[in-house]
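Q: Sharing model26.cif (mmCIF, C-alpha atoms and all ligand atoms) below.
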data_input
loop_
_atom_site.label_atom_id
_atom_site.label_comp_id
_atom_site.auth_asym_id
_atom_site.auth_seq_id
_atom_site.Cartn_x
_atom_site.Cartn_y
_atom_site.Cartn_z
CA MET A 183 -41.25 -253.06 -178.59
CA THR A 184 -39.92 -249.56 -179.33
CA ALA A 185 -36.29 -249.54 -180.52
CA SER A 186 -36.88 -245.85 -181.18
CA LEU A 187 -35.79 -245.09 -177.60
CA GLN A 188 -32.22 -245.88 -178.66
CA GLY A 189 -29.86 -243.20 -177.33
CA ARG A 190 -32.64 -241.06 -175.86
CA ASN A 191 -32.21 -239.45 -172.44
CA ILE A 192 -34.98 -240.31 -170.00
CA VAL A 193 -35.34 -239.29 -166.35
CA VAL A 194 -36.89 -241.86 -164.02
CA THR A 195 -37.66 -240.52 -160.54
CA GLY A 196 -38.17 -243.18 -157.90
CA GLY A 197 -35.99 -245.25 -160.24
CA THR A 198 -34.56 -247.32 -157.39
CA GLY A 199 -38.03 -248.25 -156.04
CA ALA A 200 -40.09 -251.30 -156.97
CA LEU A 201 -41.86 -249.89 -160.03
CA GLY A 202 -38.94 -247.61 -160.86
CA SER A 203 -36.44 -250.48 -161.10
CA ALA A 204 -38.74 -252.33 -163.50
CA VAL A 205 -39.16 -249.20 -165.61
CA VAL A 206 -35.41 -248.53 -165.74
CA SER A 207 -34.77 -252.14 -166.87
CA ARG A 208 -37.46 -251.86 -169.52
CA LEU A 209 -36.14 -248.57 -170.90
CA LEU A 210 -32.53 -249.81 -170.89
CA GLY A 211 -33.74 -252.76 -172.92
CA GLU A 212 -35.01 -250.27 -175.52
CA GLY A 213 -31.60 -248.57 -175.66
CA ALA A 214 -32.44 -245.46 -173.60
CA THR A 215 -30.04 -243.74 -171.22
CA CYS A 216 -31.71 -243.37 -167.81
CA HIS A 217 -31.03 -240.53 -165.37
CA VAL A 218 -32.12 -241.47 -161.86
CA PRO A 219 -32.17 -239.07 -158.91
CA VAL A 220 -31.56 -240.98 -155.68
CA HIS A 221 -33.10 -239.71 -152.44
CA GLY A 222 -30.41 -241.13 -150.15
CA SER A 223 -26.76 -240.13 -150.10
CA LYS A 224 -25.47 -243.37 -151.68
CA ALA A 225 -25.96 -244.32 -155.31
CA PRO A 226 -26.48 -247.98 -156.23
CA ALA A 227 -23.66 -249.84 -157.99
CA GLU A 228 -22.86 -248.48 -161.45
CA GLU A 229 -24.84 -249.97 -164.31
CA PRO A 230 -24.30 -249.38 -168.05
CA GLY A 231 -26.84 -246.92 -169.40
CA VAL A 232 -27.87 -245.53 -165.99
CA ARG A 233 -26.66 -242.32 -164.39
CA TYR A 234 -27.54 -242.28 -160.68
CA VAL A 235 -27.38 -238.90 -158.92
CA PRO A 236 -27.48 -239.31 -155.12
CA GLY A 237 -28.69 -236.81 -152.52
CA ILE A 238 -31.68 -235.40 -154.42
CA ASP A 239 -34.80 -234.55 -152.42
CA LEU A 240 -37.47 -234.06 -155.09
CA THR A 241 -39.56 -231.86 -152.78
CA ASP A 242 -36.78 -229.25 -153.03
CA ALA A 243 -37.32 -227.05 -156.10
CA LYS A 244 -33.68 -225.99 -156.33
CA ALA A 245 -32.44 -229.58 -156.16
CA VAL A 246 -34.92 -230.61 -158.85
CA ASP A 247 -33.93 -227.78 -161.19
CA GLN A 248 -30.24 -228.52 -160.65
CA PHE A 249 -30.74 -232.21 -161.39
CA PHE A 250 -32.60 -231.52 -164.66
CA SER A 251 -30.11 -228.84 -165.72
CA GLY A 252 -27.40 -231.53 -165.78
CA ILE A 253 -29.12 -233.44 -168.61
CA ASP A 254 -28.57 -232.55 -172.25
CA ASP A 255 -31.20 -233.25 -174.86
CA LEU A 256 -33.92 -234.57 -172.53
CA TRP A 257 -36.51 -236.64 -174.38
CA ALA A 258 -38.73 -238.03 -171.63
CA SER A 259 -39.32 -237.83 -167.90
CA VAL A 260 -41.09 -240.48 -165.83
CA HIS A 261 -42.14 -239.44 -162.32
CA LEU A 262 -42.57 -242.44 -160.04
CA ALA A 263 -41.26 -241.00 -156.76
CA GLY A 264 -44.00 -241.08 -154.17
CA GLY A 265 -45.51 -242.93 -151.31
CA PHE A 266 -48.61 -244.24 -149.64
CA ALA A 267 -50.36 -244.25 -146.26
CA PHE A 268 -53.61 -245.79 -145.06
CA GLY A 269 -55.70 -244.00 -142.47
CA LYS A 270 -59.25 -242.82 -141.97
CA THR A 271 -59.48 -239.05 -141.98
CA VAL A 272 -60.77 -238.88 -138.38
CA ASP A 273 -57.78 -240.91 -137.17
CA ALA A 274 -55.14 -239.07 -139.18
CA GLU A 275 -52.87 -236.24 -138.06
CA PRO A 276 -52.65 -233.23 -140.42
CA GLU A 277 -48.95 -234.03 -140.87
CA ILE A 278 -49.81 -237.10 -142.92
CA LEU A 279 -51.70 -234.97 -145.46
CA MET A 280 -48.74 -232.59 -145.71
CA LYS A 281 -46.32 -235.50 -146.10
CA LEU A 282 -48.31 -237.20 -148.85
CA LEU A 283 -48.87 -233.94 -150.71
CA GLN A 284 -45.11 -233.37 -150.61
CA MET A 285 -44.15 -236.92 -151.64
CA ASN A 286 -46.71 -237.28 -154.42
CA ALA A 287 -48.06 -233.94 -155.62
CA VAL A 288 -45.09 -231.64 -155.02
CA THR A 289 -42.44 -234.03 -156.37
CA ALA A 290 -44.48 -234.65 -159.53
CA TRP A 291 -45.29 -230.96 -160.07
CA LEU A 292 -41.69 -229.80 -159.62
CA CYS A 293 -40.37 -232.53 -161.94
CA CYS A 294 -43.07 -231.79 -164.55
CA ARG A 295 -42.08 -228.15 -164.52
CA ALA A 296 -38.35 -228.81 -164.82
CA ALA A 297 -38.88 -231.45 -167.53
CA ALA A 298 -41.18 -229.14 -169.52
CA LEU A 299 -38.59 -226.37 -169.41
CA ALA A 300 -35.80 -228.73 -170.54
CA MET A 301 -37.90 -230.23 -173.36
CA THR A 302 -39.15 -226.86 -174.56
CA ALA A 303 -35.51 -225.77 -174.80
CA THR A 304 -34.61 -228.67 -177.12
CA GLY A 305 -37.51 -227.83 -179.46
CA LYS A 306 -37.79 -231.55 -180.31
CA GLY A 307 -40.89 -232.36 -178.29
CA GLY A 308 -40.92 -234.93 -175.53
CA ARG A 309 -42.91 -237.21 -173.25
CA ILE A 310 -43.81 -236.93 -169.57
CA VAL A 311 -45.40 -239.72 -167.52
CA ASN A 312 -46.66 -239.37 -163.93
CA VAL A 313 -48.07 -241.97 -161.59
CA ALA A 314 -51.44 -241.25 -160.04
CA ALA A 315 -53.52 -244.06 -158.50
CA ARG A 316 -57.00 -245.53 -158.80
CA PRO A 317 -58.52 -243.31 -156.04
CA ALA A 318 -57.41 -240.24 -158.03
CA ILE A 319 -59.98 -241.06 -160.72
CA GLU A 320 -62.44 -243.32 -158.87
CA GLN A 321 -62.57 -241.15 -155.83
CA ARG A 322 -64.84 -243.30 -153.64
CA THR A 323 -62.16 -246.00 -153.70
CA GLY A 324 -60.09 -243.56 -151.64
CA SER A 325 -62.20 -244.36 -148.56
CA GLY A 326 -59.77 -245.12 -145.72
CA MET A 327 -56.96 -243.29 -147.50
CA ALA A 328 -58.37 -239.83 -148.24
CA ALA A 329 -55.07 -237.98 -147.78
CA TYR A 330 -53.37 -240.30 -150.27
CA ALA A 331 -56.30 -239.96 -152.69
CA ALA A 332 -56.09 -236.17 -152.47
CA SER A 333 -52.35 -236.20 -153.17
CA LYS A 334 -52.76 -238.44 -156.21
CA ALA A 335 -55.77 -236.45 -157.47
CA ALA A 336 -53.42 -233.46 -157.56
CA VAL A 337 -51.03 -235.50 -159.72
CA ALA A 338 -53.87 -236.38 -162.08
CA ALA A 339 -55.00 -232.75 -162.36
CA THR A 340 -51.43 -231.57 -162.99
CA THR A 341 -51.07 -234.18 -165.74
CA ALA A 342 -54.26 -233.26 -167.60
CA ALA A 343 -53.69 -229.51 -167.38
CA LEU A 344 -50.01 -229.67 -168.34
CA GLY A 345 -50.82 -231.85 -171.35
CA GLU A 346 -53.02 -229.04 -172.63
CA GLU A 347 -50.35 -226.44 -171.95
CA LEU A 348 -47.69 -228.37 -173.87
CA LYS A 349 -49.53 -229.97 -176.76
CA GLY A 350 -48.41 -227.27 -179.19
CA ALA A 351 -44.79 -228.22 -178.48
CA ASN A 352 -45.36 -231.94 -179.14
CA ILE A 353 -44.72 -232.69 -175.47
CA LEU A 354 -47.27 -235.33 -174.49
CA VAL A 355 -48.12 -235.69 -170.80
CA ASN A 356 -49.91 -238.71 -169.35
CA ALA A 357 -50.32 -240.58 -166.09
CA ILE A 358 -50.91 -244.18 -165.17
CA ALA A 359 -53.40 -244.89 -162.38
CA PRO A 360 -52.62 -248.32 -160.89
CA SER A 361 -54.81 -250.12 -158.39
CA ILE A 362 -52.38 -252.39 -156.52
CA LEU A 363 -48.96 -253.18 -157.96
CA ASP A 364 -47.48 -256.60 -157.36
CA THR A 365 -44.48 -255.45 -155.32
CA PRO A 366 -42.57 -257.25 -152.55
CA ALA A 367 -43.78 -254.59 -150.07
CA ASN A 368 -47.44 -255.18 -150.98
CA ARG A 369 -47.00 -258.97 -150.74
CA ASP A 370 -45.47 -258.52 -147.26
CA GLY A 371 -48.23 -256.13 -146.20
CA MET A 372 -51.15 -258.18 -147.58
CA PRO A 373 -49.97 -261.81 -147.44
CA LYS A 374 -53.48 -263.26 -147.78
CA ALA A 375 -54.43 -261.30 -150.90
CA ASP A 376 -54.86 -262.90 -154.32
CA PHE A 377 -51.69 -261.61 -155.99
CA SER A 378 -52.90 -262.75 -159.41
CA LYS A 379 -55.41 -259.86 -159.36
CA TRP A 380 -52.68 -257.27 -158.97
CA VAL A 381 -50.89 -255.33 -161.68
CA SER A 382 -47.49 -256.79 -162.56
CA LEU A 383 -44.53 -254.41 -162.59
CA GLU A 384 -43.76 -255.62 -166.11
CA SER A 385 -47.16 -254.61 -167.47
CA ALA A 386 -46.90 -251.19 -165.83
CA ALA A 387 -43.40 -250.79 -167.31
CA ASP A 388 -44.66 -251.85 -170.75
CA LEU A 389 -47.33 -249.15 -170.71
CA ILE A 390 -44.87 -246.50 -169.58
CA ALA A 391 -42.39 -247.58 -172.30
CA PHE A 392 -45.11 -246.99 -174.89
CA LEU A 393 -46.17 -243.64 -173.43
CA VAL A 394 -42.59 -242.28 -173.56
CA SER A 395 -41.97 -243.53 -177.08
CA PRO A 396 -42.37 -241.53 -180.29
CA GLN A 397 -44.92 -244.21 -181.28
CA ASN A 398 -47.22 -242.51 -178.82
CA ALA A 399 -48.09 -239.70 -181.17
CA ALA A 400 -51.62 -238.83 -180.06
CA THR A 401 -52.27 -239.63 -176.40
CA SER A 402 -51.91 -236.74 -173.99
CA SER A 403 -53.64 -235.51 -170.82
CA ALA A 404 -54.82 -239.08 -170.21
CA ILE A 405 -55.01 -240.70 -166.78
CA ILE A 406 -54.89 -244.35 -167.75
CA PRO A 407 -56.48 -246.99 -165.47
CA LEU A 408 -54.20 -249.94 -164.73
CA TYR A 409 -56.30 -252.25 -162.60
CA ALA A 410 -55.55 -255.81 -163.84
CA ARG A 411 -58.30 -257.99 -162.28
CA ALA A 412 -58.77 -255.96 -159.09
N1 LIG B 501 -47.31 -249.94 -155.00
C1 LIG B 501 -48.56 -249.75 -155.38
O1 LIG B 501 -49.44 -250.63 -155.23
C2 LIG B 501 -48.95 -248.46 -156.04
C3 LIG B 501 -50.28 -248.28 -156.49
C4 LIG B 501 -50.61 -247.06 -157.11
C5 LIG B 501 -49.66 -246.07 -157.25
N2 LIG B 501 -48.40 -246.30 -156.79
C6 LIG B 501 -47.40 -245.24 -156.95
O2 LIG B 501 -46.35 -245.71 -157.78
C7 LIG B 501 -45.12 -245.11 -157.40
C8 LIG B 501 -44.07 -246.19 -157.18
O3 LIG B 501 -44.54 -247.10 -156.21
P1 LIG B 501 -43.57 -248.21 -155.59
O4 LIG B 501 -44.44 -249.23 -154.96
O5 LIG B 501 -42.56 -248.60 -156.60
O6 LIG B 501 -42.88 -247.36 -154.43
P2 LIG B 501 -41.43 -247.48 -153.77
O7 LIG B 501 -40.80 -248.81 -154.02
O8 LIG B 501 -41.59 -247.03 -152.34
O9 LIG B 501 -40.57 -246.38 -154.56
C9 LIG B 501 -40.82 -245.01 -154.38
C10 LIG B 501 -39.53 -244.28 -154.66
O10 LIG B 501 -39.76 -242.86 -154.53
C11 LIG B 501 -38.64 -242.30 -153.86
N3 LIG B 501 -39.00 -241.04 -153.21
C12 LIG B 501 -40.01 -240.80 -152.35
N4 LIG B 501 -39.98 -239.53 -151.94
C13 LIG B 501 -38.91 -238.94 -152.54
C14 LIG B 501 -38.32 -237.65 -152.49
N5 LIG B 501 -38.83 -236.67 -151.72
N6 LIG B 501 -37.21 -237.41 -153.23
C15 LIG B 501 -36.66 -238.39 -153.99
N7 LIG B 501 -37.18 -239.64 -154.09
C16 LIG B 501 -38.27 -239.91 -153.34
C17 LIG B 501 -38.25 -243.38 -152.84
O11 LIG B 501 -36.96 -243.19 -152.36
P3 LIG B 501 -36.69 -243.36 -150.75
O12 LIG B 501 -37.33 -244.67 -150.37
O13 LIG B 501 -35.22 -243.35 -150.65
O14 LIG B 501 -37.37 -242.19 -150.11
C18 LIG B 501 -38.41 -244.63 -153.70
O15 LIG B 501 -37.22 -244.86 -154.45
C19 LIG B 501 -45.41 -244.26 -156.16
O16 LIG B 501 -45.63 -242.92 -156.55
C20 LIG B 501 -46.71 -244.85 -155.64
O17 LIG B 501 -47.50 -243.94 -154.90
C21 LIG B 501 -48.02 -247.46 -156.20
#
Here is a file; write its structure as structure tokens.
Ligand SMILES: NC(=O)c1ccc[n+]([C@@H]2O[C@H](COP(=O)([O-])OP(=O)(O)OC[C@H]3O[C@@H](n4cnc5c(N)ncnc54)[C@H](OP(=O)(O)O)[C@@H]3O)[C@@H](O)[C@H]2O)c1
A:
Amino acid sequence: MTASLQGRNIVVTGGTGALGSAVVSRLLGEGATCHVPVHGSKAPAEEPGVRYVPGIDLTDAKAVDQFFSGIDDLWASVHLAGGFAFGKTVDAEPEILMKLLQMNAVTAWLCCRAAALAMTATGKGGRIVNVAARPAIEQRTGSGMAAYAASKAAVAATTAALGEELKGANILVNAIAPSILDTPANRDGMPKADFSKWVSLESAADLIAFLVSPQNAATSSAIIPLYARA
């Protein structure tokens, strides 16, 4: 679709997860070099075009800054690290809110900041993509998962505000807001659901590949619904 990613350096956080693996494959297919921070201490097997950096907790500002400082000429940064938890507010412990804010909002904010600094330094512009979720923009759909909805609403707000801050530098910042992705974990967790209504990992990866490409010349501060037939 966009051979213009040839040779460009792109960070993919959560790049070993379900969506992240699909995004890394997609970007490699466009000729990009992917830089993937790995939460655990072991990196996956080496793969041409991918640089895995193990032992990075993206809730740690110093670790995030150090990871980004090791990348020359950063073009794009895709922030997919995060997590989910169900739970009605009255049944939830405060710790779950803190955990989801850390996993989703803090990781995205720290990576946005580090990516913006690196891209501003190149003076060549850049692209940032975050992952929010449907309840971040259709907030009543967050019923039964209010802590998660709050954490992803923070990602959406960060995206829209940062896009405004960076538009003069040709750094475009967007987020996708999926409903339910068709992942192995979701199939295991909801075996009776109609999987055909879910968003395929390939279609999410296609959209992200466009958003990080130079062909995306005008879209910024957008939180893009990705609902398939749900
Ligand atoms: N799946 C869905 O239906 C759905 C719907 C809407 C939005 N989303 C969002 O889309 C993103 C990807 O979802 P997914 O289903 O692909 O999830 P996933 O398979 O669980 O992948 C998430 C990745 O984030 C990493 N991560 C989490 N916390 C981290 C931290 N503190 N530091 C470094 N890495 C960390 C995880 O590593 P470890 O496992 O090693 O911690 C994992 O590699 C998430 O942000 C999720 O909230 C998903």
Q: Could you work out how far atom CA of A:Gln397 lies from atom CA of A:Ser186, giving the answer in Å with one decimal?
A: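 Atom CA of A:Ser186 sits 8.2 Å away from atom CA of A:Gln397.
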Q: How would you write, as number ranges by chain, the set of residues no farther than 7 Å from ligand LIG 501 (chain B) when counting all atoms listed in the file?
A: A: 195-202, 219-222, 238-241, 262-266, 285-286, 289, 313-316, 359-365, 368
Q: One decimal, in Å: what's the spacing between atom CA of A:Ile319 and atom CA of A:Ala338?
A: 7.8 Å
Q: For a cut-off of 9 Å around (-41.8, -245.7, -170.7), file coordinates, pick out all residues using only C-alpha atoms and list them as a list of chain:residue names.
A: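 The residues near that point, listed by chain and number, are A:Ile192, A:Val205, A:Val206, A:Arg208, A:Leu209, A:Ala258, A:Ser259, A:Val260, A:Arg309, A:Val311, A:Ala386, A:Ala387, A:Asp388, A:Leu389, A:Ile390, A:Ala391, A:Phe392, A:Leu393, A:Val394, A:Ser395.
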Q: Atom CA of A:Thr215 to atom CA of A:Ala296: how many Å, to one decimal?
A: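 About the pair atom CA of A:Thr215 and atom CA of A:Ala296: they are 18.2 Å apart.
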Q: At most 10 Å from (-53.3, -235.3, -156.1), file frame, only C-alpha atoms: which residues, as a ChimeraX atom specification?
A: /A:282-283,286-288,290-291,314-315,317-319,329-341
Q: What are the centre and the three edge lengths of an axis-aligned box that wraps all atoms of stretch 299-310 of chain A in the file, given that 5 Å is added to every side, written as lines of an AutoDock Vina configuration file and rounded to one decimal in Å?
A:
center_x = -39.2
center_y = -231.5
center_z = -174.9
size_x = 19.2
size_y = 21.4
size_z = 20.9
Q: Near A:Asp376, within 12 Å and counting all atoms listed in the file, which residues show up once chain neighbours fewer than 2 positions away are dropped, as a VMD selection string?
A: chain A and resid 362 to 364 368 to 369 372 to 374 378 to 381 410 to 412
Q: With distances taken over only C-alpha atoms, which of A:Ala357, A:Val218, A:Val232, A:Val193 is nearest to A:Ile406?
A: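 Between A:Ala357, A:Val218, A:Val232, A:Val193, the residue approaching A:Ile406 most closely is A:Ala357.
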